[in-house]
Every structure is written in C-alpha cells, then in structure tokens.
$ cat work22.txt   # compact mmCIF, C-alpha atoms and all ligand atoms
# COMPACT_ATOMS: atom_id res chain seq x y z
CA MET A 4 13.32 95.38 -18.13
CA ALA A 5 12.08 98.25 -16.01
CA ALA A 6 10.09 100.96 -17.77
CA ASN A 7 11.53 104.47 -17.74
CA GLU A 8 15.04 103.60 -16.62
CA PRO A 9 16.54 106.85 -15.27
CA GLN A 10 19.80 106.54 -17.24
CA ALA A 11 17.84 105.99 -20.49
CA ARG A 12 15.54 108.99 -20.17
CA GLY A 13 16.03 111.37 -23.08
CA LYS A 14 18.77 109.26 -24.67
CA LYS A 15 18.63 109.29 -28.47
CA VAL A 16 18.68 105.97 -30.29
CA LEU A 17 18.98 105.73 -34.06
CA LEU A 18 17.39 102.47 -35.16
CA ALA A 19 18.92 101.22 -38.41
CA VAL A 20 16.52 98.73 -39.95
CA CYS A 21 17.86 96.40 -42.66
CA GLY A 22 16.08 94.15 -45.13
CA GLY A 23 15.57 90.91 -43.27
CA ILE A 24 12.41 89.07 -42.35
CA ALA A 25 12.98 90.07 -38.71
CA ALA A 26 12.53 93.75 -39.66
CA TYR A 27 9.10 93.70 -37.99
CA LYS A 28 10.82 92.93 -34.67
CA ALA A 29 12.60 96.29 -34.93
CA CYS A 30 9.19 97.84 -34.16
CA GLU A 31 9.06 95.94 -30.88
CA VAL A 32 12.62 96.95 -30.00
CA LEU A 33 11.64 100.53 -30.76
CA ARG A 34 8.65 100.34 -28.40
CA ALA A 35 10.74 98.78 -25.63
CA LEU A 36 13.28 101.60 -25.89
CA GLN A 37 10.56 104.25 -25.88
CA LYS A 38 9.00 102.64 -22.81
CA ALA A 39 12.38 102.91 -21.08
CA GLY A 40 12.39 106.64 -21.82
CA CYS A 41 14.52 106.83 -24.99
CA GLU A 42 13.83 109.02 -27.98
CA VAL A 43 14.04 106.92 -31.16
CA ARG A 44 14.44 107.75 -34.84
CA ALA A 45 14.76 105.26 -37.67
CA CYS A 46 16.67 104.89 -40.88
CA MET A 47 15.82 102.12 -43.32
CA THR A 48 17.22 100.45 -46.40
CA ALA A 49 15.04 100.08 -49.47
CA SER A 50 14.87 96.32 -48.77
CA ALA A 51 13.75 96.92 -45.18
CA GLU A 52 10.84 98.98 -46.53
CA ARG A 53 9.75 95.96 -48.61
CA PHE A 54 9.23 94.11 -45.30
CA VAL A 55 7.80 96.93 -43.14
CA GLY A 56 6.67 100.27 -44.52
CA ALA A 57 8.34 103.52 -43.49
CA PRO A 58 4.95 104.92 -42.29
CA THR A 59 4.95 102.34 -39.49
CA PHE A 60 8.26 103.67 -38.15
CA GLU A 61 7.23 107.28 -38.80
CA ALA A 62 4.06 106.78 -36.77
CA LEU A 63 5.92 105.06 -33.95
CA THR A 64 8.83 107.53 -33.80
CA ARG A 65 6.85 110.65 -34.86
CA SER A 66 9.85 111.58 -36.97
CA ALA A 67 10.75 111.18 -40.63
CA VAL A 68 12.48 107.93 -41.50
CA CYS A 69 15.90 108.57 -43.01
CA ASP A 70 15.69 106.58 -46.24
CA ASP A 71 16.76 108.95 -49.00
CA LEU A 72 20.19 110.57 -49.15
CA PHE A 73 18.72 113.47 -51.11
CA GLY A 74 15.30 114.05 -49.66
CA ASN A 75 14.04 112.37 -46.53
CA PRO A 76 14.08 113.80 -43.92
CA GLU A 77 13.92 117.21 -45.50
CA THR A 78 17.00 118.58 -43.82
CA ALA A 79 20.12 119.78 -45.56
CA ILE A 80 22.17 116.61 -45.07
CA PRO A 81 19.89 113.87 -43.66
CA HIS A 82 22.51 111.19 -42.99
CA ILE A 83 24.86 113.58 -41.17
CA ASP A 84 22.04 115.15 -39.17
CA TYR A 85 20.74 111.78 -38.00
CA ALA A 86 24.24 110.48 -37.23
CA GLU A 87 25.10 113.54 -35.13
CA TRP A 88 21.77 113.40 -33.33
CA ALA A 89 22.27 109.84 -32.05
CA ASP A 90 23.70 108.73 -28.67
CA LEU A 91 23.55 105.14 -29.92
CA ALA A 92 23.09 103.48 -33.31
CA LEU A 93 21.26 100.16 -33.11
CA VAL A 94 21.22 97.95 -36.21
CA VAL A 95 18.19 95.58 -36.12
CA PRO A 96 18.10 93.22 -37.90
CA ALA A 97 21.65 93.49 -39.24
CA THR A 98 21.88 91.60 -42.52
CA ALA A 99 25.05 89.99 -43.87
CA ASN A 100 25.04 92.59 -46.64
CA VAL A 101 24.88 95.62 -44.35
CA MET A 102 27.54 94.19 -42.01
CA ALA A 103 29.80 93.62 -45.02
CA LYS A 104 29.27 97.22 -46.10
CA MET A 105 29.95 98.49 -42.57
CA ALA A 106 33.17 96.45 -42.41
CA ALA A 107 34.29 97.77 -45.80
CA GLY A 108 33.23 101.38 -45.13
CA ILE A 109 30.74 101.39 -48.00
CA ALA A 110 28.08 104.09 -47.86
CA ASP A 111 25.90 103.59 -50.92
CA ASP A 112 22.50 104.32 -49.36
CA SER A 113 21.16 106.49 -46.56
CA LEU A 114 21.38 103.78 -43.88
CA THR A 115 25.02 102.80 -44.54
CA ALA A 116 26.00 106.46 -45.05
CA THR A 117 24.40 107.33 -41.70
CA LEU A 118 26.19 104.47 -39.94
CA LEU A 119 29.51 105.50 -41.48
CA ALA A 120 28.97 109.04 -40.20
CA CYS A 121 28.11 107.91 -36.63
CA SER A 122 30.70 108.61 -33.95
CA CYS A 123 28.44 107.27 -31.18
CA PRO A 124 28.59 103.62 -29.96
CA VAL A 125 27.12 101.09 -32.39
CA LEU A 126 25.19 97.98 -31.34
CA VAL A 127 24.55 95.33 -33.98
CA ALA A 128 21.90 92.60 -33.72
CA PRO A 129 22.30 90.26 -36.71
CA GLY A 130 19.49 88.10 -38.03
CA MET A 131 19.80 85.88 -41.10
CA ASN A 132 19.89 82.38 -42.55
CA VAL A 133 22.25 79.98 -40.75
CA HIS A 134 24.51 79.50 -43.78
CA MET A 135 24.77 83.23 -44.40
CA TRP A 136 25.62 83.71 -40.71
CA ARG A 137 28.22 80.94 -40.66
CA ASN A 138 29.82 82.02 -43.93
CA PRO A 139 33.48 82.88 -43.20
CA ALA A 140 33.01 86.23 -44.94
CA THR A 141 30.22 87.17 -42.49
CA GLN A 142 32.21 85.90 -39.51
CA ALA A 143 35.27 87.88 -40.61
CA ASN A 144 33.12 91.02 -40.94
CA VAL A 145 31.75 90.50 -37.41
CA ARG A 146 35.30 90.21 -36.06
CA THR A 147 36.39 93.31 -37.96
CA LEU A 148 33.48 95.33 -36.58
CA GLN A 149 34.12 94.03 -33.04
CA ALA A 150 37.79 94.98 -33.30
CA ARG A 151 36.69 98.50 -34.23
CA GLY A 152 34.54 98.71 -31.12
CA ALA A 153 31.07 97.73 -32.38
CA ARG A 154 29.08 95.69 -29.86
CA PHE A 155 26.93 92.74 -30.82
CA VAL A 156 23.85 90.97 -29.56
CA LEU A 157 24.64 87.69 -31.27
CA PRO A 158 21.93 85.66 -33.00
CA VAL A 159 20.60 82.51 -31.39
CA GLU A 160 19.73 79.00 -32.55
CA GLY A 161 16.20 78.32 -33.62
CA ARG A 162 13.82 77.68 -36.47
CA LEU A 163 14.54 80.30 -39.11
CA ALA A 164 11.98 81.92 -41.39
CA CYS A 165 13.47 80.09 -44.39
CA GLY A 166 12.72 76.73 -42.72
CA ASP A 167 16.32 75.94 -41.76
CA VAL A 168 17.10 75.23 -38.14
CA GLY A 169 20.29 76.69 -36.71
CA GLU A 170 22.11 79.78 -35.57
CA GLY A 171 21.09 83.07 -37.17
CA LYS A 172 17.78 83.87 -35.50
CA LEU A 173 17.62 87.46 -34.23
CA ALA A 174 18.11 87.59 -30.45
CA ASP A 175 15.04 88.26 -28.29
CA VAL A 176 13.60 91.76 -28.41
CA GLU A 177 14.06 92.11 -24.62
CA GLU A 178 17.71 91.10 -24.86
CA ILE A 179 18.42 93.60 -27.64
CA ALA A 180 16.66 96.42 -25.79
CA ALA A 181 18.48 95.55 -22.55
CA ALA A 182 21.85 95.54 -24.34
CA ALA A 183 21.07 98.94 -25.87
CA LEU A 184 20.12 100.39 -22.47
CA ALA A 185 23.24 98.90 -20.86
CA LEU A 186 25.41 100.46 -23.55
CA LEU A 187 23.73 103.83 -23.10
CA ALA A 188 24.42 103.62 -19.37
CA GLU A 189 28.11 102.80 -19.89
CA LYS A 190 30.53 105.53 -19.05
CA ALA A 191 33.30 106.39 -21.49
CA PRO A 192 36.48 104.56 -20.45
CA GLU A 193 38.67 106.53 -18.10
CA GLN A 194 41.64 108.03 -19.95
CA ASP A 195 44.12 106.91 -17.29
CA LEU A 196 46.83 105.62 -19.64
CA VAL A 197 47.26 108.73 -21.79
CA ALA A 198 50.94 109.20 -22.75
CA THR A 199 51.74 105.65 -21.62
CA ARG A 200 53.62 103.66 -24.24
CA LEU A 201 52.67 100.03 -23.80
CA LEU A 202 54.19 96.96 -25.42
CA VAL A 203 52.00 93.83 -25.54
CA THR A 204 53.17 90.43 -26.80
CA ALA A 205 50.41 88.06 -27.90
CA GLY A 206 49.60 84.79 -29.63
CA PRO A 207 51.63 81.66 -30.23
CA THR A 208 54.91 81.37 -32.09
CA HIS A 209 55.64 78.94 -34.93
CA GLU A 210 59.02 77.22 -34.90
CA ALA A 211 59.97 75.86 -38.29
CA ILE A 212 61.01 72.23 -38.67
CA ASP A 213 61.18 72.55 -42.44
CA PRO A 214 59.39 74.84 -44.95
CA VAL A 215 56.02 73.13 -44.38
CA ARG A 216 56.13 71.91 -40.78
CA TYR A 217 56.36 73.79 -37.51
CA ILE A 218 55.96 73.42 -33.73
CA ALA A 219 53.19 75.60 -32.27
CA ASN A 220 50.75 75.73 -29.34
CA SER A 221 47.05 76.37 -28.72
CA SER A 222 47.24 80.11 -27.98
CA THR A 223 44.71 82.19 -29.99
CA GLY A 224 46.03 85.60 -28.91
CA LYS A 225 42.60 86.68 -27.59
CA MET A 226 43.86 87.77 -24.14
CA GLY A 227 46.71 89.87 -25.53
CA TYR A 228 44.50 91.46 -28.15
CA ALA A 229 41.90 92.31 -25.48
CA ILE A 230 44.63 93.99 -23.40
CA ALA A 231 45.91 95.94 -26.42
CA ALA A 232 42.36 97.06 -27.30
CA ALA A 233 41.52 98.08 -23.71
CA ALA A 234 44.82 99.98 -23.34
CA ALA A 235 44.13 101.92 -26.55
CA ARG A 236 40.62 102.76 -25.27
CA ARG A 237 42.22 104.06 -22.05
CA GLY A 238 44.50 106.36 -24.03
CA ALA A 239 47.76 104.36 -24.24
CA GLU A 240 50.00 104.22 -27.31
CA VAL A 241 50.08 100.49 -27.91
CA THR A 242 52.53 98.33 -29.86
CA LEU A 243 51.23 94.78 -30.23
CA VAL A 244 53.91 92.25 -31.16
CA SER A 245 51.82 89.36 -32.39
CA GLY A 246 52.54 85.80 -33.38
CA PRO A 247 50.30 84.16 -36.02
CA THR A 248 46.60 84.62 -35.13
CA SER A 249 43.36 85.07 -37.05
CA LEU A 250 42.39 88.19 -35.08
CA PRO A 251 42.04 91.65 -36.64
CA CYS A 252 44.25 94.41 -35.25
CA PRO A 253 42.34 96.37 -32.55
CA GLU A 254 41.49 99.98 -33.35
CA GLY A 255 44.23 102.47 -32.57
CA VAL A 256 46.89 99.79 -32.03
CA ARG A 257 50.19 99.45 -33.95
CA ARG A 258 50.74 95.78 -34.72
CA VAL A 259 54.08 94.16 -35.54
CA ASP A 260 53.57 90.68 -37.01
CA VAL A 261 56.12 87.99 -36.21
CA VAL A 262 56.22 84.23 -36.64
CA SER A 263 58.99 82.67 -34.54
CA ALA A 264 60.15 83.11 -30.94
CA ALA A 265 63.40 84.66 -32.22
CA GLN A 266 61.48 87.23 -34.31
CA MET A 267 59.18 88.00 -31.37
CA HIS A 268 62.25 88.45 -29.14
CA ASP A 269 63.84 90.95 -31.55
CA ALA A 270 60.60 92.88 -32.17
CA ALA A 271 59.73 93.04 -28.45
CA LEU A 272 63.18 94.24 -27.41
CA ALA A 273 63.19 96.86 -30.17
CA ALA A 274 59.78 98.20 -29.08
CA PHE A 275 60.62 98.01 -25.36
CA SER A 276 63.27 100.73 -25.50
CA ALA A 277 60.52 103.21 -26.49
CA SER A 278 57.97 101.85 -23.98
CA ASP A 279 56.98 102.68 -20.40
CA ALA A 280 55.54 99.24 -19.70
CA ALA A 281 55.17 95.77 -21.19
CA VAL A 282 52.59 93.03 -20.78
CA CYS A 283 53.78 89.62 -22.03
CA THR A 284 50.80 87.43 -22.82
CA ALA A 285 52.41 85.51 -25.70
CA ALA A 286 52.71 81.73 -25.46
CA VAL A 287 56.28 81.73 -26.73
CA ALA A 288 57.73 78.38 -27.73
CA ASP A 289 60.28 77.32 -25.13
CA TYR A 290 62.24 75.24 -27.67
CA THR A 291 62.90 75.55 -31.38
CA PRO A 292 64.42 73.10 -33.88
CA ALA A 293 68.21 73.46 -33.81
CA ARG A 294 68.60 73.16 -37.58
CA PRO A 295 65.38 73.82 -39.55
CA ALA A 296 65.67 72.11 -42.93
CA ASP A 297 65.61 74.20 -46.09
CA HIS A 298 63.60 71.52 -47.92
CA LYS A 299 60.62 69.35 -47.01
CA LEU A 300 61.94 66.44 -44.97
CA LYS A 301 61.11 62.93 -46.21
CA LYS A 302 59.82 60.74 -43.42
CA ALA A 303 61.36 57.57 -44.85
CA HIS A 304 64.97 58.65 -44.51
CA GLU A 305 65.32 62.02 -42.82
CA HIS A 306 64.70 61.35 -39.12
CA LEU A 307 61.43 63.18 -38.57
CA ASP A 308 61.16 61.15 -35.38
CA ARG A 309 64.19 62.87 -33.84
CA ILE A 310 64.19 66.65 -34.03
CA GLU A 311 66.95 68.26 -32.04
CA LEU A 312 65.67 71.27 -30.11
CA VAL A 313 67.42 74.25 -28.56
CA GLU A 314 65.98 76.58 -25.94
CA THR A 315 64.59 79.95 -27.08
CA ALA A 316 65.42 83.23 -25.38
CA ASP A 317 63.01 84.16 -22.58
CA ILE A 318 61.52 87.46 -23.77
CA LEU A 319 59.89 88.32 -20.45
CA ALA A 320 63.12 87.71 -18.51
CA ASP A 321 65.15 89.71 -21.04
CA LEU A 322 62.72 92.65 -20.82
CA CYS A 323 62.92 92.50 -17.01
CA ALA A 324 66.73 92.57 -17.22
CA ARG A 325 66.43 95.86 -19.17
CA LYS A 326 63.65 97.37 -17.03
CA ASP A 327 65.37 100.57 -15.93
CA GLY A 328 62.23 101.85 -14.20
CA ARG A 329 59.77 100.36 -16.67
CA VAL A 330 56.89 98.16 -15.55
CA VAL A 331 56.79 94.56 -16.79
CA VAL A 332 53.90 92.14 -16.26
CA GLY A 333 53.93 88.49 -17.35
CA PHE A 334 51.42 85.68 -17.54
CA ALA A 335 51.62 82.14 -16.22
CA ALA A 336 49.46 79.57 -17.94
CA GLU A 337 49.44 76.51 -15.69
CA THR A 338 47.51 73.27 -15.29
CA ASN A 339 48.61 72.55 -11.71
CA ASP A 340 50.16 74.29 -8.68
CA LEU A 341 48.99 77.61 -10.16
CA ILE A 342 50.01 80.04 -7.44
CA PRO A 343 53.36 78.45 -6.40
CA ASN A 344 54.36 78.21 -10.08
CA ALA A 345 53.37 81.82 -10.70
CA GLN A 346 55.27 82.98 -7.60
CA ALA A 347 58.36 81.09 -8.79
CA LYS A 348 58.09 82.80 -12.23
CA LEU A 349 57.70 86.20 -10.54
CA ARG A 350 60.95 85.71 -8.64
CA LYS A 351 62.89 84.01 -11.44
CA LYS A 352 62.00 86.46 -14.20
CA GLY A 353 61.92 89.63 -12.06
CA ALA A 354 58.50 90.88 -13.23
CA ASP A 355 56.39 93.42 -11.33
CA ALA A 356 53.44 91.00 -11.41
CA ILE A 357 52.47 87.66 -12.89
CA ILE A 358 48.90 87.09 -14.01
CA ALA A 359 48.23 83.43 -13.29
CA ASN A 360 45.52 81.46 -15.06
CA ASP A 361 44.56 77.82 -14.82
CA VAL A 362 44.34 76.62 -18.41
CA SER A 363 42.88 73.27 -17.37
CA ARG A 364 39.56 75.05 -16.59
CA ALA A 365 37.08 75.53 -19.45
CA ASP A 366 36.43 79.16 -18.38
CA SER A 367 40.10 80.17 -18.55
CA THR A 368 41.68 78.00 -21.19
CA PHE A 369 43.18 78.95 -24.56
CA GLY A 370 40.54 80.34 -26.92
CA SER A 371 37.98 81.05 -24.17
CA ASP A 372 36.14 84.40 -24.16
CA THR A 373 36.45 84.52 -20.39
CA ASN A 374 39.37 84.15 -18.03
CA ARG A 375 39.82 83.56 -14.32
CA VAL A 376 43.07 85.09 -13.17
CA ALA A 377 45.03 85.66 -9.98
CA VAL A 378 47.28 88.71 -9.78
CA VAL A 379 50.50 87.50 -8.16
CA ARG A 380 52.82 90.17 -6.76
CA ALA A 381 55.63 90.11 -4.23
CA ASP A 382 53.23 91.47 -1.60
CA GLY A 383 50.40 88.98 -2.13
CA VAL A 384 47.92 87.17 -4.34
CA ASP A 385 44.61 88.63 -5.56
CA GLN A 386 42.33 85.87 -6.93
CA ARG A 387 39.61 87.25 -9.22
CA GLU A 388 36.38 85.67 -10.43
CA THR A 389 35.71 84.43 -13.99
CA LEU A 390 35.16 87.49 -16.21
CA PRO A 391 34.90 88.41 -19.90
CA LEU A 392 38.34 89.05 -21.44
CA ALA A 393 37.70 92.83 -21.71
CA ASP A 394 37.22 93.00 -17.92
CA VAL A 395 40.31 90.86 -17.27
CA ALA A 396 42.22 93.23 -19.57
CA ASP A 397 41.18 96.16 -17.37
CA ILE A 398 42.37 94.32 -14.24
CA VAL A 399 45.80 93.76 -15.83
CA LEU A 400 45.97 97.39 -16.98
CA ASP A 401 45.02 98.61 -13.48
CA VAL A 402 48.08 96.69 -12.19
CA VAL A 403 50.26 98.41 -14.83
CA ARG A 404 48.79 101.85 -14.08
CA ASP A 405 49.19 101.53 -10.30
CA ARG A 406 52.76 100.37 -10.70
CA LEU A 407 53.58 103.24 -13.09
CA ARG A 408 52.14 105.75 -10.59
CA ARG A 409 54.40 104.40 -7.85
CA ARG A 410 57.56 104.89 -9.91
N1 LIG A 501 57.69 84.02 -21.98
C1 LIG A 501 58.50 84.76 -22.81
N2 LIG A 501 59.44 84.14 -23.58
C2 LIG A 501 59.61 82.80 -23.54
C3 LIG A 501 58.78 82.02 -22.68
C4 LIG A 501 57.84 82.66 -21.92
O1 LIG A 501 58.33 85.98 -22.85
N3 LIG A 501 60.52 82.24 -24.30
C5 LIG A 501 56.71 84.71 -21.12
C6 LIG A 501 55.27 84.50 -21.49
O2 LIG A 501 54.83 85.49 -22.39
C7 LIG A 501 54.60 84.65 -20.13
C8 LIG A 501 55.62 84.12 -19.15
O3 LIG A 501 56.87 84.21 -19.83
O4 LIG A 501 54.36 85.99 -19.81
C9 LIG A 501 55.41 82.72 -18.66
O5 LIG A 501 55.38 81.83 -19.71
P1 LIG A 501 55.31 80.26 -19.47
O6 LIG A 501 55.45 79.59 -20.77
O7 LIG A 501 54.11 79.95 -18.65
O8 LIG A 501 56.56 80.04 -18.57
P2 LIG A 501 57.94 79.42 -18.84
O9 LIG A 501 58.94 80.39 -18.36
O10 LIG A 501 58.07 78.99 -20.24
O11 LIG A 501 57.94 78.16 -17.86
P3 LIG A 501 57.27 76.72 -17.99
O12 LIG A 501 57.16 76.39 -19.44
O13 LIG A 501 58.22 75.87 -17.25
O14 LIG A 501 55.95 76.81 -17.30

$ encode --input "work22.txt" --output "structure tokens"
Amino acid sequence: MAANEPQARGKKVLLAVCGGIAAYKACEVLRALQKAGCEVRACMTASAERFVGAPTFEALTRSAVCDDLFGNPETAIPHIDYAEWADLALVVPATANVMAKMAAGIADDSLTATLLACSCPVLVAPGMNVHMWRNPATQANVRTLQARGARFVLPVEGRLACGDVGEGKLADVEEIAAAALALLAEKAPEQDLVATRLLVTAGPTHEAIDPVRYIANSSTGKMGYAIAAAAARRGAEVTLVSGPTSLPCPEGVRRVDVVSAAQMHDAALAAFSASDAAVCTAAVADYTPARPADHKLKKAHEHLDRIELVETADILADLCARKDGRVVVGFAAETNDLIPNAQAKLRKKGADAIIANDVSRADSTFGSDTNRVAVVRADGVDQRETLPLADVADIVLDVVRDRLRRR
C-alpha cells in the first residue's frame, strides 16, 4: 500500500474496536491508515479496553477515545459527534456480539450507539472463533448487514488464538487498510435511475407435487437481488418479485414473496403495469404438476413415478407482449450454444436484451458470487469478463437506462 495516497489525505476514519483478542491489530490498522494520510479517531467497547487500553488509542490518534455515552469525549453528545465526524466507520475486530447488535439496531454502549448514528459507509472486519463465525446466527447477521450496504473484509482460515484451526481469523492488517482506502476512494453511485420504476423477478419457483414435495431448481436469487440492490442505490423504485430464497431484502427495495410460477406470473404482471422497466432473472419452472395432491402421496400405490406436468406461463414473454414502451430485459442460463440460444430467446420472447450466462462455468453458475455475461441485443453481442455480481448488476442496469433514454 502506498503511503500518503492522495484520495485518502484528510479523510476521517472512525475505528470501532470491539472486545476480541485481535483488538491489538486495530492499532496496526490505525497506523496504516494514518500513514496513508487519514485522520483517525477510535471508539471502544468496555471489553475491547480489557484487551488494549484506551490510552494506547488516545496516544496514537491524539484524540479522546469515545467509550462513555455520558462523558468521554467531553462533548455534548459524544456518539453523535463522532458519528457525524466520520467519512468511514471501520469495525476491527468485529465480534459476533457487536455484529448481532448492529444487525438488530441495538445501541447499548457508546460504540454501538455511534455505529447506529453513522450515515457514512461502514466496513466490518470480523475476527472470532471458528464456531462463533460459522454459527448460523452470525452468518445471518453478516447477510443482513451486507444487504443494508455494509462492506466486509471477511476473516480467513488459520490458527486461532483459542487453539482451534479454521475460518475466523481477522484478515491481514494490509488487506483491511487497503479495503478502507478503496472504500474512501469510491464515488457515490450515480443517481441515474431516479424516478424509474423497476420490476425485478428473482430466485427459483417451487411447484407443488403434494403438500410436502415440490419441483425446484438450483437458483439462489443472488443475481436478481444484486440487480435490485444496485437499482435502489442508483435511485430507482424497485419491486422485487422473489421466489423462495434465503436472502434478506436489499435496502430500499419492496419485496413481494411468491412460491410458484403461477404466483410469480400474477405478481409480476400486477407490478409491471406500474413499472417503466423489468429485468427477469428468475429461474421460473417451465412445467408444473397438472394436479398437485391435497395429501401426502404414498409411494406404494399413488404413482409417484409418473407425475403429469403442464407448461407454465412464460412471464418474460407475457411482459414483452404488454410492453407498450416499457423496457424488458431477460436472462438466458445455458450450458451450451450460449449465444445462439440467447439470440433465439431474444427474438422469440421480444425482449430488448437478453443477458446470457454459461451456467456450466464455475465462475458464472447458480450460487456463484461472480458472473460472466454477454449482453445480447438485436444489434450485436457484448461479451463481458467475469465480475462480482454487483458489477454485473450495473452492466444490466446500464442496458436498461440506455434503452429508457432512447424511448
Ligand atoms: N422466464 C420466465 N417465465 C418462464 C420461463 C422463463 O419469465 N416461465 C424467463 C426467465 O426469467 C429468463 C428467461 O425467461 O429471463 C429465460 O429463461 P430460460 O429458462 O433460460 O428459458 P426458457 O424460455 O425456459 O427456455 P429453455 O428452458 O428452453 O432454455
């Protein structure tokens, strides 16, 4: 990392130090940020101060450590003053407890109250025991915070202070400092979709065979949720019609939960009439059982080996048939003949563009955090490189925006 990075000079970082054994590494992160030109202040929990004393951070930052809602620093409202001062809040090490409080909006000490009052970007670097990290409650809190826009420098595998070996070790000091500087250098997203009403379909659908069995597919909904989140960041009013997923609703997005292809069809068509554009990422079941049973079928005598299927309505095609000046973009998940198949879908369904991805590749398959897409339009094909889902979302939204401007 280069010292005194121009974009970091004078930027104000609030270092939130929690009570984990890696608290001493927060001092090194602090020094790295100061070397890059940042001004740093600290807030600490009472547990953090059992690991490293507040005087250490006060000497390093030359400012009072915010560690008492009613007295330190000696300003009128310490947690509000520190929150408003910051350009970035950096939580190092983030404990399971503090992340749980952040996810729940609890503010029962000066550190959590300060974080709750922050309107600046928040970067979280967790560090904890492997079992605490892997606990579903912790993982759910991480997902909740991510959905609300918090960024993470995820922990790594290694030998932990408790003697366990596994994931949970605080990321390297250099990596945390670099992520903080990168976030400080990021520009606020362009508000180029303000007043655009966008419908997004996402996730799989479940088609009932009987009350306990259904036909589904491997879609996780990640791509659609990333598009909904990015559109909201760019100022759009987003309605996300979602099949069953385990993802939290992105900040600022209205979600309509559905289960079956028929429900998704009805919800999407209802939302479309009040939309300017639609992006269909959902992996909608193409067939559904003709007569779902109202009781659990018995395999011995109720023909579970022969389920009669009927075709579902094609939501994307039905939206295109009702376009009336709206913009509609679909996806094509293929394992072979990617571009010819996508071009055929473009023509058959009447979409403005089809985003084609090869789901046989590990970097663009269901559940991946990256995708490698080609934008297929009537006037040509634009193959893009493998990118994080948030960047792919912006590519798709650029297509929507450009198309809307040409109307
Ligand atoms: N789609 C839809 N409703 C359906 C099926 C598909 O809205 N009943 C949409 C998907 O959301 C996606 C696009 O159509 O945007 C392509 O989906 P895909 O399943 O790849 O295409 P199909 O038309 O089902 O064709 P095939 O299964 O033959 O590849």

$ residues_around --input "work22.txt" --residues "A:Val332" --least-positions-apart "5" --cutoff "6 Å" --atoms "all atoms listed in the file" --output "PyMOL selection string"
chain A and resi 282+354-357

$ residues_near_ligand --input "work22.txt" --ligand "ligand LIG 501 (chain A)" --cutoff "7 Å" --atoms "only C-alpha atoms and all ligand atoms" --output "VMD selection string"
chain A and resid 204 264 283 to 289 315 to 320 333 to 337 348

$ residues_around --input "work22.txt" --residues "A:Ser278" --least-positions-apart "3" --cutoff "6 Å" --atoms "all atoms listed in the file" --output "PyMOL selection string"
chain A and resi 200-201+275

$ residues_around --input "work22.txt" --residues "A:Ala62" --least-positions-apart "3" --cutoff "12 Å" --atoms "only C-alpha atoms" --output "PyMOL selection string"
chain A and resi 30+33-34+43-45+56-59+65-68

$ atom_distance --input "work22.txt" --atom1 "atom CA of A:Asn144" --atom2 "atom CA of A:Met105"
8.3 Å

$ closest_residue --input "work22.txt" --among "A:Ala233, A:Val203, A:Val313, A:Ala19" --to "A:Leu272" --atoms "all atoms listed in the file"
A:Val203

$ closest_residue --input "work22.txt" --among "A:Lys225, A:His209, A:Arg329, A:Arg154" --to "A:Pro295" --atoms "only C-alpha atoms"
A:His209

$ closest_residue --input "work22.txt" --among "A:Ala211, A:Ala188, A:Ile218, A:Val20" --to "A:Val127" --atoms "all atoms listed in the file"
A:Val20

$ atom_distance --input "work22.txt" --atom1 "atom CA of A:Gly169" --atom2 "atom CA of A:Thr389"
28.5 Å

$ atom_distance --input "work22.txt" --atom1 "atom CA of A:Val95" --atom2 "atom CA of A:Ala128"
5.3 Å

$ residues_around --input "work22.txt" --residues "A:Ser50" --least-positions-apart "4" --cutoff "9 Å" --atoms "all atoms listed in the file" --output "ChimeraX atom specification"
/A:21-23,54

$ closest_residue --input "work22.txt" --among "A:Arg137, A:Met267, A:Ala345, A:Arg294" --to "A:Arg309" --atoms "all atoms listed in the file"
A:Arg294

$ closest_residue --input "work22.txt" --among "A:Val197, A:Ala396, A:Val379, A:Ala29" --to "A:Gly130" --atoms "only C-alpha atoms"
A:Ala29

$ axis_aligned_box --input "work22.txt" --around "stretch 388-393 of chain A" --padding-each-side "5 Å" --output "lines of an AutoDock Vina configuration file"
center_x = 36.6
center_y = 88.6
center_z = -16.1
size_x = 13.4
size_y = 18.4
size_z = 21.3

$ closest_residue --input "work22.txt" --among "A:Gly246, A:Thr291, A:Pro192, A:Arg364" --to "A:Asp394" --atoms "all atoms listed in the file"
A:Pro192

$ residues_around --input "work22.txt" --residues "A:Pro253" --least-positions-apart "3" --cutoff "7 Å" --atoms "only C-alpha atoms" --output "JSON, numbers by chain"
{"A": [150, 151, 228, 232, 256]}

$ residues_near_point --input "work22.txt" --point "(50.3, 101.8, -16.4)" --cutoff "8 Å" --atoms "all atoms listed in the file" --output "list of chain:residue names"
A:Leu196, A:Thr199, A:Leu201, A:Asp279, A:Ala280, A:Val330, A:Leu400, A:Asp401, A:Val402, A:Val403, A:Arg404, A:Asp405, A:Arg406, A:Leu407, A:Arg408

$ residues_near_point --input "work22.txt" --point "(56.0, 78.9, -38.7)" --cutoff "12 Å" --atoms "all atoms listed in the file" --output "list in words"
Pro207, Thr208, His209, Glu210, Ala211, Ile212, Asp213, Pro214, Val215, Arg216, Tyr217, Ile218, Ala219, Asn220, Gly246, Pro247, Thr248, Val261, Val262, Ser263, Ala264, Ala265, Gln266, Ala288, Thr291, Pro292 and Pro295 of chain A
